[in-house]
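Undergrad: Got a structure for you, written out below as structure tokens; questions coming shortly.
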Amino acid sequence: MNESAHLHLLQYNFKSSHLLLIFAKKIMINILLCIMAGIAVGYLARKCTVVKYTGSLLSVTIVLLLFFLGLSVGSNEQVVNNFTSIGLDAFLLTVGGTLGSLFCARWVYKKFF
Amino acid sequence: MKQSFLYLLIFVVGVILALSGIIPGVLLNANIATWVLYALLFLVGIQIGAGKNMFAALKRFGWKVLMIPLATTVGTFAGVALISVIIPGRSLTDCLSVGAGFAYYSLSSILITEFKGAELGTVALLANIIREFSVLILGPWMVKYFGKLAPITAGGATTMDTTLPVITKYAGPEFVVIALFHGMIIDFSVPLWVSFFISL
């Protein structure tokens, strides 16, 4: 690779990571805005009976999204072909996370309760 | 528990339909999922905003109840970070975003799929479902070896709904208020932590 091509690649990498950062910040802001708006509406409408249906509506959206997730998993060859290793990673991460929280629980229980 | 099975079933139906190839491509590439996701987050917000008794536990037990969600968070992240060292090909932040689901598998897997792809999303779905089931099945064992707070920290965001009966039964009814408080705090923190780790 000659020097100018190398420089070009560096610039390209810089730009794409920069764009990714902006994109990531936008995602976080969107997520936060949706939750904040929900909290405000929920707080204001906490005495309305309509709020009682939030749970059922939530289940509907979860069902829809998990169906979409299933579709994207089933149509993604990378996921289908590596399902065993994905399952193993998931299992290991659960063991790590759960054991970590169990040890912390034991410490807090002995120390404070 | 029934609900978890239903969710898992729907996910499997989606996988099978996609594998059989009868789903039109339009459905796969559409932005519908993103909009439904925003609706989901809005509804999660409404539940938090309209929820009561959030601070009942705080009044009864004092500041020390805050130690429990803290233990859940610190313990989970520490454990997941250790595992990320032995799993080849997964970055620390990817592993942490999976761990930050705290058994709230629907929200975490959906968020991760949307922004990090279906592969990591599937890891998140499986990992967090396994976490919920581990409390349902190993609850009594956790209490025996790690004390009465164990099923609460292990249950993560589910201690206000699916794993509450197990906690009530094996840790005792006096831990119900704590479990509710813990569940609400962790529930609220899931989208924040997950979106934080996926944006790193």
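Within each chain, counting starts at residue 1; across the structure tokens, chains are named A, B, ... in the order shown, with ligands numbered 1 upward in that order.
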Find the residues near Thr159 in chain B: any atom within 8 Å, counting only C-alpha atoms, skip ones fewer than 4 places away on the same chain, and give them as a short mmCIF file (atom, residue, chain, number, x, y, z; two decimals) with N, CA and C atoms, in the first residue's frame.
TA:
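The new file around.cif reads:
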data_model
loop_
_atom_site.label_atom_id
_atom_site.label_comp_id
_atom_site.auth_asym_id
_atom_site.auth_seq_id
_atom_site.Cartn_x
_atom_site.Cartn_y
_atom_site.Cartn_z
N ILE B 152 -33.08 -12.18 44.96
CA ILE B 152 -33.45 -10.82 44.53
C ILE B 152 -32.40 -10.27 43.58
N GLY B 155 -32.44 -12.26 40.39
CA GLY B 155 -33.64 -12.04 39.59
C GLY B 155 -33.61 -10.75 38.79
N THR B 163 -40.41 -13.42 39.14
CA THR B 163 -39.70 -14.17 40.18
C THR B 163 -40.17 -13.82 41.59
N LEU B 164 -41.13 -12.88 41.70
CA LEU B 164 -41.61 -12.47 43.03
C LEU B 164 -42.16 -13.64 43.86
N ILE B 167 -39.30 -15.55 45.42
CA ILE B 167 -38.67 -14.78 46.49
C ILE B 167 -39.53 -14.82 47.75
N ALA B 179 -38.07 -6.63 47.25
CA ALA B 179 -38.02 -7.17 45.88
C ALA B 179 -38.71 -6.23 44.89
N LEU B 180 -39.84 -5.65 45.30
CA LEU B 180 -40.57 -4.72 44.43
C LEU B 180 -39.72 -3.48 44.14
N HIS B 182 -36.46 -3.15 44.43
CA HIS B 182 -35.31 -3.58 43.64
C HIS B 182 -35.68 -3.75 42.16
N GLY B 183 -36.81 -4.44 41.92
CA GLY B 183 -37.25 -4.68 40.54
C GLY B 183 -37.48 -3.38 39.79
#
Undergrad: Tell me, counting only C-alpha atoms, for each residue of chain A within 7 Å of chain B, which pair of atoms is nearest and how far apart they are in Å to one decimal, in rows ordered by chain and increasing number, as JSON lines.
TA:
{"residue": "A:Ala24", "atom": "CA", "partner": "B:Ser199", "partner_atom": "CA", "distance": 4.7}
{"residue": "A:Lys25", "atom": "CA", "partner": "B:Ser199", "partner_atom": "CA", "distance": 6.7}
{"residue": "A:Met28", "atom": "CA", "partner": "B:Ser195", "partner_atom": "CA", "distance": 5.7}
{"residue": "A:Cys34", "atom": "CA", "partner": "B:Phe42", "partner_atom": "CA", "distance": 4.9}
{"residue": "A:Ile35", "atom": "CA", "partner": "B:Gly45", "partner_atom": "CA", "distance": 4.5}
{"residue": "A:Met36", "atom": "CA", "partner": "B:Gly45", "partner_atom": "CA", "distance": 6.3}
{"residue": "A:Ala37", "atom": "CA", "partner": "B:Phe42", "partner_atom": "CA", "distance": 6.6}
{"residue": "A:Gly38", "atom": "CA", "partner": "B:Gly45", "partner_atom": "CA", "distance": 3.9}
{"residue": "A:Ile39", "atom": "CA", "partner": "B:Gly49", "partner_atom": "CA", "distance": 4.1}
{"residue": "A:Ala40", "atom": "CA", "partner": "B:Gly49", "partner_atom": "CA", "distance": 6.3}
{"residue": "A:Val41", "atom": "CA", "partner": "B:Ile46", "partner_atom": "CA", "distance": 6.1}
{"residue": "A:Gly42", "atom": "CA", "partner": "B:Ile46", "partner_atom": "CA", "distance": 3.9}
{"residue": "A:Tyr43", "atom": "CA", "partner": "B:Gly49", "partner_atom": "CA", "distance": 4.3}
{"residue": "A:Arg46", "atom": "CA", "partner": "B:Ala50", "partner_atom": "CA", "distance": 4.4}
{"residue": "A:Thr54", "atom": "CA", "partner": "B:Leu43", "partner_atom": "CA", "distance": 6.3}
{"residue": "A:Leu58", "atom": "CA", "partner": "B:Leu40", "partner_atom": "CA", "distance": 6.2}
{"residue": "A:Thr61", "atom": "CA", "partner": "B:Leu40", "partner_atom": "CA", "distance": 6.0}
{"residue": "A:Ile62", "atom": "CA", "partner": "B:Ser106", "partner_atom": "CA", "distance": 6.5}
{"residue": "A:Val63", "atom": "CA", "partner": "B:Tyr7", "partner_atom": "CA", "distance": 6.3}
{"residue": "A:Leu65", "atom": "CA", "partner": "B:Ala33", "partner_atom": "CA", "distance": 6.3}
{"residue": "A:Leu66", "atom": "CA", "partner": "B:Phe11", "partner_atom": "CA", "distance": 5.2}
{"residue": "A:Phe67", "atom": "CA", "partner": "B:Gly14", "partner_atom": "CA", "distance": 4.9}
{"residue": "A:Phe68", "atom": "CA", "partner": "B:Gly14", "partner_atom": "CA", "distance": 6.7}
{"residue": "A:Leu69", "atom": "CA", "partner": "B:Phe11", "partner_atom": "CA", "distance": 6.6}
{"residue": "A:Gly70", "atom": "CA", "partner": "B:Gly14", "partner_atom": "CA", "distance": 4.1}
{"residue": "A:Leu71", "atom": "CA", "partner": "B:Gly14", "partner_atom": "CA", "distance": 4.6}
{"residue": "A:Ser72", "atom": "CA", "partner": "B:Ala118", "partner_atom": "CA", "distance": 6.3}
{"residue": "A:Val73", "atom": "CA", "partner": "B:Ala118", "partner_atom": "CA", "distance": 5.7}
{"residue": "A:Gly74", "atom": "CA", "partner": "B:Val15", "partner_atom": "CA", "distance": 4.1}
{"residue": "A:Ser75", "atom": "CA", "partner": "B:Ala18", "partner_atom": "CA", "distance": 5.3}
{"residue": "A:Val79", "atom": "CA", "partner": "B:Glu119", "partner_atom": "CA", "distance": 5.4}
{"residue": "A:Ile86", "atom": "CA", "partner": "B:Val123", "partner_atom": "CA", "distance": 5.8}
{"residue": "A:Gly87", "atom": "CA", "partner": "B:Val123", "partner_atom": "CA", "distance": 6.7}
{"residue": "A:Asp89", "atom": "CA", "partner": "B:Val123", "partner_atom": "CA", "distance": 6.9}
{"residue": "A:Ala90", "atom": "CA", "partner": "B:Ala127", "partner_atom": "CA", "distance": 4.3}
{"residue": "A:Phe91", "atom": "CA", "partner": "B:Ala127", "partner_atom": "CA", "distance": 5.8}
{"residue": "A:Leu92", "atom": "CA", "partner": "B:Ile83", "partner_atom": "CA", "distance": 6.8}
{"residue": "A:Leu93", "atom": "CA", "partner": "B:Val80", "partner_atom": "CA", "distance": 5.6}
{"residue": "A:Thr94", "atom": "CA", "partner": "B:Ala127", "partner_atom": "CA", "distance": 5.3}
{"residue": "A:Gly96", "atom": "CA", "partner": "B:Gly79", "partner_atom": "CA", "distance": 4.3}
{"residue": "A:Gly97", "atom": "CA", "partner": "B:Thr76", "partner_atom": "CA", "distance": 4.0}
{"residue": "A:Thr98", "atom": "CA", "partner": "B:Ala154", "partner_atom": "CA", "distance": 5.4}
{"residue": "A:Leu99", "atom": "CA", "partner": "B:Gly79", "partner_atom": "CA", "distance": 6.8}
{"residue": "A:Gly100", "atom": "CA", "partner": "B:Gly75", "partner_atom": "CA", "distance": 4.1}
{"residue": "A:Ser101", "atom": "CA", "partner": "B:Gly75", "partner_atom": "CA", "distance": 3.9}
{"residue": "A:Leu102", "atom": "CA", "partner": "B:Ala150", "partner_atom": "CA", "distance": 5.3}
{"residue": "A:Phe103", "atom": "CA", "partner": "B:Phe146", "partner_atom": "CA", "distance": 6.8}
{"residue": "A:Cys104", "atom": "CA", "partner": "B:Ala71", "partner_atom": "CA", "distance": 5.1}
{"residue": "A:Ala105", "atom": "CA", "partner": "B:Ala150", "partner_atom": "CA", "distance": 5.3}
{"residue": "A:Arg106", "atom": "CA", "partner": "B:Phe146", "partner_atom": "CA", "distance": 4.9}
{"residue": "A:Val108", "atom": "CA", "partner": "B:Met67", "partner_atom": "CA", "distance": 6.9}
{"residue": "A:Tyr109", "atom": "CA", "partner": "B:Leu149", "partner_atom": "CA", "distance": 6.3}
{"residue": "A:Phe112", "atom": "CA", "partner": "B:Lys64", "partner_atom": "CA", "distance": 6.9}
Undergrad: How about saving the chosen residues, N, CA and C atoms kept, as a short mmCIF file (atom, residue, chain, number, x, y, z; two decimals), in the first residue's frame?
TA:
data_model
loop_
_atom_site.label_atom_id
_atom_site.label_comp_id
_atom_site.auth_asym_id
_atom_site.auth_seq_id
_atom_site.Cartn_x
_atom_site.Cartn_y
_atom_site.Cartn_z
N ALA A 24 -24.65 6.87 17.63
CA ALA A 24 -24.87 6.25 18.94
C ALA A 24 -25.51 7.24 19.91
N LYS A 25 -25.04 8.49 19.87
CA LYS A 25 -25.60 9.50 20.77
C LYS A 25 -27.07 9.74 20.45
N MET A 28 -29.18 6.97 21.97
CA MET A 28 -29.39 7.12 23.40
C MET A 28 -30.40 8.21 23.70
N CYS A 34 -38.05 8.76 24.73
CA CYS A 34 -39.25 7.92 24.77
C CYS A 34 -39.63 7.57 26.20
N ILE A 35 -38.61 7.18 27.00
CA ILE A 35 -38.91 6.77 28.39
C ILE A 35 -39.36 7.98 29.21
N MET A 36 -38.65 9.10 29.06
CA MET A 36 -39.00 10.31 29.82
C MET A 36 -40.42 10.76 29.51
N ALA A 37 -40.76 10.76 28.19
CA ALA A 37 -42.11 11.15 27.79
C ALA A 37 -43.12 10.22 28.44
N GLY A 38 -42.80 8.92 28.44
CA GLY A 38 -43.69 7.93 29.06
C GLY A 38 -43.86 8.19 30.55
N ILE A 39 -42.75 8.47 31.24
CA ILE A 39 -42.83 8.73 32.68
C ILE A 39 -43.71 9.94 32.96
N ALA A 40 -43.52 11.00 32.18
CA ALA A 40 -44.32 12.21 32.36
C ALA A 40 -45.80 11.91 32.15
N VAL A 41 -46.12 11.24 31.03
CA VAL A 41 -47.52 10.90 30.73
C VAL A 41 -48.08 9.97 31.81
N GLY A 42 -47.30 8.99 32.20
CA GLY A 42 -47.73 8.03 33.22
C GLY A 42 -48.01 8.71 34.54
N TYR A 43 -47.13 9.64 34.91
CA TYR A 43 -47.30 10.34 36.18
C TYR A 43 -48.56 11.20 36.16
N ARG A 46 -51.71 9.00 36.13
CA ARG A 46 -51.67 7.85 37.04
C ARG A 46 -53.02 7.53 37.66
N THR A 54 -51.87 -0.39 30.20
CA THR A 54 -50.48 -0.30 29.73
C THR A 54 -49.81 -1.66 29.71
N LEU A 58 -48.23 -3.36 26.53
CA LEU A 58 -46.80 -3.67 26.60
C LEU A 58 -46.55 -5.10 26.12
N THR A 61 -46.75 -5.26 22.35
CA THR A 61 -45.55 -4.75 21.65
C THR A 61 -44.38 -5.72 21.81
N ILE A 62 -44.29 -6.34 22.99
CA ILE A 62 -43.19 -7.30 23.21
C ILE A 62 -43.35 -8.50 22.28
N VAL A 63 -44.61 -9.00 22.18
CA VAL A 63 -44.89 -10.13 21.29
C VAL A 63 -44.50 -9.79 19.84
N LEU A 65 -42.39 -7.50 18.78
CA LEU A 65 -40.95 -7.31 18.61
C LEU A 65 -40.19 -8.62 18.69
N LEU A 66 -40.65 -9.54 19.56
CA LEU A 66 -39.97 -10.83 19.63
C LEU A 66 -40.20 -11.63 18.35
N PHE A 67 -41.37 -11.44 17.75
CA PHE A 67 -41.64 -12.08 16.47
C PHE A 67 -40.68 -11.53 15.40
N PHE A 68 -40.52 -10.21 15.39
CA PHE A 68 -39.56 -9.58 14.45
C PHE A 68 -38.14 -10.07 14.72
N LEU A 69 -37.82 -10.20 16.02
CA LEU A 69 -36.48 -10.68 16.38
C LEU A 69 -36.28 -12.09 15.83
N GLY A 70 -37.33 -12.93 15.99
CA GLY A 70 -37.28 -14.29 15.44
C GLY A 70 -37.05 -14.28 13.95
N LEU A 71 -37.77 -13.38 13.26
CA LEU A 71 -37.61 -13.27 11.80
C LEU A 71 -36.18 -12.89 11.43
N SER A 72 -35.63 -11.90 12.14
CA SER A 72 -34.29 -11.46 11.76
C SER A 72 -33.25 -12.51 12.11
N VAL A 73 -33.51 -13.29 13.19
CA VAL A 73 -32.59 -14.37 13.54
C VAL A 73 -32.65 -15.48 12.49
N GLY A 74 -33.89 -15.87 12.12
CA GLY A 74 -34.06 -16.97 11.16
C GLY A 74 -33.53 -16.65 9.77
N SER A 75 -33.54 -15.36 9.42
CA SER A 75 -33.07 -14.99 8.09
C SER A 75 -31.61 -14.58 8.08
N VAL A 79 -26.26 -16.16 12.26
CA VAL A 79 -26.82 -16.60 13.54
C VAL A 79 -27.22 -18.06 13.48
N ILE A 86 -23.47 -19.42 20.01
CA ILE A 86 -24.25 -18.32 20.58
C ILE A 86 -24.89 -18.75 21.89
N GLY A 87 -25.45 -19.96 21.89
CA GLY A 87 -26.07 -20.49 23.10
C GLY A 87 -25.06 -20.66 24.23
N ASP A 89 -22.16 -19.00 24.61
CA ASP A 89 -21.79 -17.66 25.09
C ASP A 89 -22.85 -17.12 26.04
N ALA A 90 -24.12 -17.27 25.63
CA ALA A 90 -25.23 -16.78 26.46
C ALA A 90 -25.21 -17.47 27.82
N PHE A 91 -24.99 -18.78 27.80
CA PHE A 91 -24.98 -19.53 29.06
C PHE A 91 -23.84 -19.06 29.97
N LEU A 92 -22.64 -18.90 29.38
CA LEU A 92 -21.48 -18.46 30.17
C LEU A 92 -21.70 -17.07 30.75
N LEU A 93 -22.26 -16.17 29.94
CA LEU A 93 -22.51 -14.80 30.42
C LEU A 93 -23.52 -14.80 31.57
N THR A 94 -24.53 -15.68 31.46
CA THR A 94 -25.51 -15.77 32.55
C THR A 94 -24.85 -16.27 33.82
N GLY A 96 -21.74 -16.08 34.72
CA GLY A 96 -20.88 -15.03 35.27
C GLY A 96 -21.68 -13.95 35.96
N GLY A 97 -22.66 -13.40 35.27
CA GLY A 97 -23.45 -12.30 35.81
C GLY A 97 -24.22 -12.71 37.06
N THR A 98 -24.84 -13.90 37.01
CA THR A 98 -25.65 -14.34 38.14
C THR A 98 -24.78 -14.64 39.36
N LEU A 99 -23.68 -15.37 39.14
CA LEU A 99 -22.78 -15.68 40.27
C LEU A 99 -22.21 -14.40 40.89
N GLY A 100 -21.82 -13.45 40.03
CA GLY A 100 -21.32 -12.17 40.53
C GLY A 100 -22.32 -11.50 41.44
N SER A 101 -23.60 -11.46 41.00
CA SER A 101 -24.61 -10.80 41.82
C SER A 101 -24.91 -11.60 43.08
N LEU A 102 -24.77 -12.94 43.01
CA LEU A 102 -25.00 -13.77 44.21
C LEU A 102 -23.94 -13.49 45.28
N PHE A 103 -22.68 -13.37 44.86
CA PHE A 103 -21.62 -13.09 45.83
C PHE A 103 -21.83 -11.71 46.47
N CYS A 104 -22.23 -10.74 45.66
CA CYS A 104 -22.49 -9.41 46.20
C CYS A 104 -23.68 -9.45 47.16
N ALA A 105 -24.69 -10.26 46.82
CA ALA A 105 -25.87 -10.38 47.68
C ALA A 105 -25.47 -10.94 49.05
N ARG A 106 -24.57 -11.92 49.04
CA ARG A 106 -24.16 -12.53 50.31
C ARG A 106 -23.43 -11.51 51.18
N VAL A 108 -23.69 -8.16 51.04
CA VAL A 108 -24.63 -7.12 51.52
C VAL A 108 -25.51 -7.68 52.63
N TYR A 109 -25.95 -8.93 52.50
CA TYR A 109 -26.83 -9.55 53.51
C TYR A 109 -26.12 -9.66 54.86
N PHE A 112 -25.29 -5.80 56.13
CA PHE A 112 -26.32 -4.79 56.39
C PHE A 112 -27.64 -5.33 56.92
#
Undergrad: Just list the residues in chain B DSSP gives alpha helix (DSSP H) on the backbone, as JSON, numbers by chain.
TA: {"B": [2, 3, 4, 5, 6, 7, 8, 9, 10, 11, 12, 13, 14, 15, 16, 17, 18, 19, 20, 25, 26, 27, 28, 29, 32, 33, 34, 35, 36, 37, 38, 39, 40, 41, 42, 43, 44, 45, 46, 47, 48, 49, 50, 56, 57, 58, 59, 60, 61, 67, 68, 69, 70, 71, 72, 73, 74, 75, 76, 77, 78, 79, 80, 81, 82, 83, 84, 85, 86, 92, 93, 94, 95, 96, 97, 98, 99, 105, 106, 107, 108, 109, 110, 111, 112, 113, 114, 115, 116, 118, 119, 120, 121, 122, 123, 124, 125, 126, 127, 128, 129, 130, 131, 132, 133, 134, 135, 136, 137, 138, 139, 140, 141, 142, 143, 144, 145, 146, 150, 151, 152, 153, 154, 155, 164, 165, 166, 167, 168, 169, 170, 176, 177, 178, 179, 180, 181, 182, 183, 184, 185, 186, 187, 188, 189, 190, 191, 192, 193, 194, 195, 196, 197, 198]}
Undergrad: Could you state the separation of CA of Gly101 in chain B and CA of Lys111 in chain A in Å, given to one decimal place?
TA: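 CA of Lys111 in chain A lies 26.8 Å from CA of Gly101 in chain B.
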Undergrad: I'd like the interatomic distance between CA of Ile29 in chain A and CA of Ala157 in chain B, to a tenth of an Å.
TA: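 Straight-line distance from CA of Ile29 in chain A to CA of Ala157 in chain B works out to 22.3 Å.
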